Each structure stands twice: as structure tokens, then as C-alpha cells.
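This report refers to the structure that appears directly beneath it.
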Amino acid sequence: MRIAESLIPPIGERPRVIDWFDHKMPEKLRLDLLNETGEWHVLGAFNWDEVANDFKLTPASFGLEDKEYWLCEFWSGHIRRFSSAKPVVYRKITAHGGIVLSARVVDNDHAIYLGSDFHISQGLEVADWKEDEHGVAFTLRLPRTATGNMVLAVPRPVEQVIVNGGMIEPKQVNDQILQISLHFEGFAQVEVLYGEKRPPDLDSSPILG
């Protein structure tokens, strides 16, 4: 039921097959999406072998521009960053298994919706998005009762998180990554309010996972 719920509503777009002529069964798919949160890519990598395999991925693996990207893996929720200079390796992908990733360009000056476990697209559940110097406000909308987690990259420390008018306690994974656990019926209006600015010399390039 959980898997079925994550597919509703249907995306309604066809992914691009990246390696159509490279393998008997294609292993990589890419779907480019755009909404109020900006542009992102849903990436799928699949292991059709009879044994577990490691996947080493770079932007070029999926025909993406040579930039640095945030990656959020749908099933595990692991967050990483990758680029041509810093590939990532997903180890021991099970036989006939796969991973589904959202990829968004790193931008340390703005909040970035990295993904969630609410919908397989990791973004189409966002109905609106507004950001200013004080924080970011957005609405999650789904045709059902939903329980799960969403993840943001934030440019500044967070002072408050308000959901449907009530304050909640988020999980500050590190100085950049904020995880918010939610339970809502139909929609959730989320406000993330920033605190003081970070020192300019703070190193803010962790890799999670």
C-alpha cells in the first residue's frame, strides 16, 4: 500500500532512456521535471543481473550538465552530493533491484527542496513555493492522508518551523540539511524561518548517506 500511495497522482510524463543501445535491458532512466520549486531530475538506475552490483554515478551517467547536484534516494532517504569530480557509489544494489534519485543543482544561497518519501517524483507534491530573506514557505498537497518525511537544503540556520499554524521540531541533520516529519490530510502549509546568518568561512559541503 505504501508503494502504491507513492505513485499517486501519476506523473504523466515519459522518462528518457539514457542507455537504450548500450545494454540488452536499459539500466538508466531520466525524467526532467519543473514546478514552483524549480527544475529537477528523477533518475532511475536498475540492476538486471542475477547478482548484486555496485553503481558508480556521475552527472554524465545520466546526460546531465557538468554541475554539482544534490541527490536524494527515494527508498532510503540518503542525501549525497555528486559531480564529475566527485562521483558517488551505491553499493550492492540487489539483483533485479534499483534506486530512484532526485537530482537538483547545488545552490548555497537559496533553500532547495531535496525530496520526500510522499511521492516518487520527490517534488510534484509541492503546490507552491515562496522564499525571501526571512525563510521559505510552501504547500504540500496530496489526494490522501500522508505520513512521512521531507528534506530541505537551507542556506542559513533555522529558527522555527510552522506546519498548518503550529510549531514543530524538525531534525537538523547538519548545518545544511533539515528533515521535517509530517502527518497531514490533503495538504500541509509549511513555513521555515531562518535565524542568524552563518559565518562566511563556515565549511558547508558535507556528504551524507
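Simple scheme: letters A, B, ... for chains in C-alpha cells order, numbers from 1 for residues in each chain, numbers from 1 for ligands in the order shown.
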(request) Per DSSP on the backbone, filter region 17-205 of chain A down to the residues in strand (DSSP E) and report them as a PyMOL selection string. (result) chain A and resi 17+28-35+38-46+53-57+69-73+79-82+88-93+98-105+112-116+126-132+135-153+158-163+166-168+171-172+177-194
What are the closest atom pairs, with distances in Å to one decimal, for each residue of region 9-78 of chain A lying within 9 Å of region 96-114 of chain A, using only C-alpha atoms, rows by chain and rising residue number, as JSON lines?
{"residue": "A:Glu27", "atom": "CA", "partner": "A:Gly98", "partner_atom": "CA", "distance": 8.9}
{"residue": "A:Thr37", "atom": "CA", "partner": "A:Tyr113", "partner_atom": "CA", "distance": 6.7}
{"residue": "A:Gly38", "atom": "CA", "partner": "A:Ile112", "partner_atom": "CA", "distance": 8.7}
{"residue": "A:Glu39", "atom": "CA", "partner": "A:Arg104", "partner_atom": "CA", "distance": 7.2}
{"residue": "A:Trp40", "atom": "CA", "partner": "A:Arg104", "partner_atom": "CA", "distance": 5.0}
{"residue": "A:His41", "atom": "CA", "partner": "A:Ala103", "partner_atom": "CA", "distance": 5.1}
{"residue": "A:Val42", "atom": "CA", "partner": "A:Ser102", "partner_atom": "CA", "distance": 4.6}
{"residue": "A:Leu43", "atom": "CA", "partner": "A:Leu101", "partner_atom": "CA", "distance": 4.9}
{"residue": "A:Gly44", "atom": "CA", "partner": "A:Val100", "partner_atom": "CA", "distance": 4.6}
{"residue": "A:Ala45", "atom": "CA", "partner": "A:Ile99", "partner_atom": "CA", "distance": 5.5}
{"residue": "A:Phe46", "atom": "CA", "partner": "A:Gly98", "partner_atom": "CA", "distance": 4.1}
{"residue": "A:Asn47", "atom": "CA", "partner": "A:His96", "partner_atom": "CA", "distance": 5.1}
{"residue": "A:Trp48", "atom": "CA", "partner": "A:His96", "partner_atom": "CA", "distance": 4.6}
{"residue": "A:Asp49", "atom": "CA", "partner": "A:His96", "partner_atom": "CA", "distance": 6.3}
{"residue": "A:Glu50", "atom": "CA", "partner": "A:His96", "partner_atom": "CA", "distance": 7.0}
{"residue": "A:Val51", "atom": "CA", "partner": "A:His96", "partner_atom": "CA", "distance": 8.3}
{"residue": "A:Ala52", "atom": "CA", "partner": "A:His96", "partner_atom": "CA", "distance": 8.4}
{"residue": "A:Lys67", "atom": "CA", "partner": "A:Val105", "partner_atom": "CA", "distance": 6.9}
{"residue": "A:Glu68", "atom": "CA", "partner": "A:Val106", "partner_atom": "CA", "distance": 5.8}
{"residue": "A:Tyr69", "atom": "CA", "partner": "A:Val105", "partner_atom": "CA", "distance": 4.3}
{"residue": "A:Trp70", "atom": "CA", "partner": "A:Arg104", "partner_atom": "CA", "distance": 5.2}
{"residue": "A:Leu71", "atom": "CA", "partner": "A:Ala103", "partner_atom": "CA", "distance": 4.8}
{"residue": "A:Cys72", "atom": "CA", "partner": "A:Ser102", "partner_atom": "CA", "distance": 5.2}
{"residue": "A:Glu73", "atom": "CA", "partner": "A:Leu101", "partner_atom": "CA", "distance": 4.4}
{"residue": "A:Phe74", "atom": "CA", "partner": "A:Val100", "partner_atom": "CA", "distance": 5.5}
{"residue": "A:Trp75", "atom": "CA", "partner": "A:Val100", "partner_atom": "CA", "distance": 7.2}
{"residue": "A:Ser76", "atom": "CA", "partner": "A:Ile99", "partner_atom": "CA", "distance": 8.9}
Could you please take those selected residues and save N, CA and C atoms as a CSV table (one decimal), in the first residue's frame?
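Once written, part05.csv looks like this:
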chain,number,residue,atom,x,y,z
A,27,GLU,N,19.5,0.3,-18.3
A,27,GLU,CA,19.7,0.4,-16.9
A,27,GLU,C,19.5,1.8,-16.3
A,37,THR,N,9.2,24.8,-7.3
A,37,THR,CA,10.5,24.6,-6.6
A,37,THR,C,11.7,24.8,-7.5
A,38,GLY,N,11.4,24.8,-8.8
A,38,GLY,CA,12.5,24.9,-9.8
A,38,GLY,C,12.6,23.6,-10.6
A,39,GLU,N,13.7,23.4,-11.3
A,39,GLU,CA,13.9,22.3,-12.1
A,39,GLU,C,14.6,21.2,-11.4
A,40,TRP,N,14.2,19.9,-11.6
A,40,TRP,CA,14.9,18.8,-11.0
A,40,TRP,C,14.8,17.6,-11.9
A,41,HIS,N,15.6,16.6,-11.6
A,41,HIS,CA,15.6,15.4,-12.5
A,41,HIS,C,15.3,14.1,-11.6
A,42,VAL,N,14.4,13.3,-12.0
A,42,VAL,CA,14.2,12.0,-11.4
A,42,VAL,C,15.1,11.0,-12.1
A,43,LEU,N,16.0,10.3,-11.4
A,43,LEU,CA,16.9,9.4,-12.0
A,43,LEU,C,16.6,8.0,-11.5
A,44,GLY,N,16.6,7.0,-12.4
A,44,GLY,CA,16.5,5.6,-12.1
A,44,GLY,C,17.6,4.8,-12.6
A,45,ALA,N,18.2,4.0,-11.7
A,45,ALA,CA,19.3,3.1,-12.1
A,45,ALA,C,18.9,1.7,-11.6
A,46,PHE,N,19.0,0.7,-12.6
A,46,PHE,CA,18.4,-0.7,-12.3
A,46,PHE,C,19.5,-1.7,-12.6
A,47,ASN,N,19.5,-2.7,-11.7
A,47,ASN,CA,20.4,-3.9,-11.8
A,47,ASN,C,19.6,-5.1,-12.3
A,48,TRP,N,19.8,-5.5,-13.6
A,48,TRP,CA,19.1,-6.6,-14.2
A,48,TRP,C,19.9,-7.9,-14.1
A,49,ASP,N,21.1,-7.8,-13.4
A,49,ASP,CA,21.9,-9.1,-13.3
A,49,ASP,C,21.3,-10.0,-12.2
A,50,GLU,N,21.8,-11.2,-12.1
A,50,GLU,CA,21.4,-12.1,-11.1
A,50,GLU,C,22.1,-12.0,-9.8
A,51,VAL,N,23.1,-11.1,-9.7
A,51,VAL,CA,23.8,-10.9,-8.5
A,51,VAL,C,23.8,-9.4,-8.2
A,52,ALA,N,24.1,-9.0,-6.9
A,52,ALA,CA,24.2,-7.6,-6.5
A,52,ALA,C,25.3,-6.9,-7.2
A,67,LYS,N,27.7,20.0,-13.5
A,67,LYS,CA,27.5,20.8,-12.3
A,67,LYS,C,27.5,19.9,-11.1
A,68,GLU,N,27.4,20.5,-9.9
A,68,GLU,CA,27.3,19.7,-8.7
A,68,GLU,C,25.8,19.6,-8.3
A,69,TYR,N,25.4,18.5,-7.9
A,69,TYR,CA,24.0,18.2,-7.7
A,69,TYR,C,23.8,17.6,-6.3
A,70,TRP,N,22.7,17.9,-5.7
A,70,TRP,CA,22.2,17.2,-4.5
A,70,TRP,C,21.5,15.9,-5.1
A,71,LEU,N,21.7,14.8,-4.4
A,71,LEU,CA,21.0,13.6,-4.7
A,71,LEU,C,20.2,13.1,-3.5
A,72,CYS,N,18.9,12.8,-3.7
A,72,CYS,CA,18.1,12.2,-2.6
A,72,CYS,C,17.5,10.9,-3.1
A,73,GLU,N,17.9,9.8,-2.4
A,73,GLU,CA,17.4,8.5,-2.8
A,73,GLU,C,16.1,8.2,-2.2
A,74,PHE,N,15.1,7.9,-3.0
A,74,PHE,CA,13.7,7.8,-2.6
A,74,PHE,C,13.5,6.7,-1.5
A,75,TRP,N,14.0,5.5,-1.7
A,75,TRP,CA,13.7,4.4,-0.8
A,75,TRP,C,14.4,4.5,0.5
A,76,SER,N,15.6,5.0,0.5
A,76,SER,CA,16.4,5.0,1.7
A,76,SER,C,16.4,6.4,2.4
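Residues in contact with Lys56 (chain A) at up to 9 Å, not including ones fewer than 4 positions away on its chain and judged by only C-alpha atoms, are Ser61, Pro87, Val88, Val89, Tyr90 and Arg91 of chain A.
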Those same residues - C-alpha atoms - I'd like them written as an mmCIF file, in the first residue's frame.
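Result written to part-v6.cif:
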data_model
loop_
_atom_site.group_PDB
_atom_site.id
_atom_site.type_symbol
_atom_site.label_atom_id
_atom_site.label_comp_id
_atom_site.auth_asym_id
_atom_site.auth_seq_id
_atom_site.Cartn_x
_atom_site.Cartn_y
_atom_site.Cartn_z
ATOM 1 C CA SER A 61 25.967 8.921 -16.422
ATOM 2 C CA PRO A 87 31.142 10.546 -8.293
ATOM 3 C CA VAL A 88 29.004 8.568 -5.843
ATOM 4 C CA VAL A 89 28.836 4.807 -5.470
ATOM 5 C CA TYR A 90 25.689 2.962 -4.427
ATOM 6 C CA ARG A 91 26.864 -0.410 -3.207
#
(message) Would you compute the distance between CA of Val192 (chain A) and CA of Lys171 (chain A)? Give it in Å to one decimal.
(response) 12.4 Å
(request) Name the residues in contact with Lys86 (chain A) at a cut-off of 10 Å, using only C-alpha atoms, excluding same-chain residues fewer than 6 positions from it; report them as an NGL selection string. (result) :A and (57-59 or 68)
(message) At a cut-off of 9 Å, using only C-alpha atoms, what residues contact region 189-191 of chain A? Leave out same-chain residues fewer than 2 positions from it and give the result as a PyMOL selection string.
(response) chain A and resi 135-141+160-165+187+193
Expected file contents, prior selection, C-alpha atoms, as an mmCIF file, in the first residue's frame:
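Below is the file out_36.cif, written as the result:
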data_model
loop_
_atom_site.group_PDB
_atom_site.id
_atom_site.type_symbol
_atom_site.label_atom_id
_atom_site.label_comp_id
_atom_site.auth_asym_id
_atom_site.auth_seq_id
_atom_site.Cartn_x
_atom_site.Cartn_y
_atom_site.Cartn_z
ATOM 1 C CA GLY A 135 12.717 31.988 5.179
ATOM 2 C CA VAL A 136 10.742 29.796 2.829
ATOM 3 C CA ALA A 137 7.027 28.893 2.758
ATOM 4 C CA PHE A 138 5.445 26.147 0.686
ATOM 5 C CA THR A 139 2.446 23.840 0.495
ATOM 6 C CA LEU A 140 2.436 20.076 0.134
ATOM 7 C CA ARG A 141 -0.704 18.721 -1.498
ATOM 8 C CA GLN A 160 11.314 27.935 13.610
ATOM 9 C CA VAL A 161 9.269 25.507 11.558
ATOM 10 C CA ILE A 162 5.499 26.007 11.436
ATOM 11 C CA VAL A 163 3.102 23.483 9.882
ATOM 12 C CA ASN A 164 -0.566 24.396 9.419
ATOM 13 C CA GLY A 165 -0.190 27.126 12.022
ATOM 14 C CA PHE A 187 -2.359 19.487 2.367
ATOM 15 C CA LEU A 193 12.013 30.716 9.305
#
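Each of A:Leu182, A:Met167, A:Met25, A:Ala4 was compared to Asn149 (chain A) using only C-alpha atoms, and A:Leu182 turns out to be the nearest.
Going from CA of Ala188 (chain A) over to CA of His119 (chain A), you cover 14.3 Å.
The space separating CA of Leu178 (chain A) from CA of Leu142 (chain A) comes to 21.4 Å.
Shortest separation to Pro143 (chain A) among A:Phe55, A:Phe62, A:Phe82, A:Phe184 occurs at residue A:Phe184, atoms counted being only C-alpha atoms.
Using only C-alpha atoms for every distance, the candidate list A:Leu33, A:Ala60, A:Ile168, A:Ile3 yields A:Leu33 as the residue closest to Pro15 (chain A).
Of the listed residues A:Asn35, A:Thr94, A:Asn53, A:Thr147, the one whose atoms come nearest to Ser6 (chain A) is A:Thr147, with distances taken using only C-alpha atoms.
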(request) Going by DSSP on the backbone, which bits of region 5-163 of chain A are helix (DSSP H, G or I)? Write them as an MDAnalysis selection string, please. (result) chainID A and resid 5 59:62
Those residues with N, CA and C atoms, as a PDB file, in the first residue's frame please?
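Okay, this is what ended up in part_2.pdb:
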ATOM      1  N   GLU A   5       0.754   4.131  -2.824  1.00  0.00           N
ATOM      2  CA  GLU A   5       0.437   5.517  -2.496  1.00  0.00           C
ATOM      3  C   GLU A   5       1.474   6.486  -3.051  1.00  0.00           C
ATOM      4  N   PRO A  59      27.147  12.961 -13.056  1.00  0.00           N
ATOM      5  CA  PRO A  59      26.154  13.636 -13.900  1.00  0.00           C
ATOM      6  C   PRO A  59      26.167  13.121 -15.337  1.00  0.00           C
ATOM      7  N   ALA A  60      27.358  12.839 -15.868  1.00  0.00           N
ATOM      8  CA  ALA A  60      27.445  12.351 -17.246  1.00  0.00           C
ATOM      9  C   ALA A  60      26.763  11.000 -17.418  1.00  0.00           C
ATOM     10  N   SER A  61      26.641  10.224 -16.341  1.00  0.00           N
ATOM     11  CA  SER A  61      25.967   8.921 -16.422  1.00  0.00           C
ATOM     12  C   SER A  61      24.530   9.063 -16.895  1.00  0.00           C
ATOM     13  N   PHE A  62      23.935  10.226 -16.619  1.00  0.00           N
ATOM     14  CA  PHE A  62      22.542  10.472 -16.987  1.00  0.00           C
ATOM     15  C   PHE A  62      22.390  11.612 -17.988  1.00  0.00           C
TER      16      PHE A  62
END
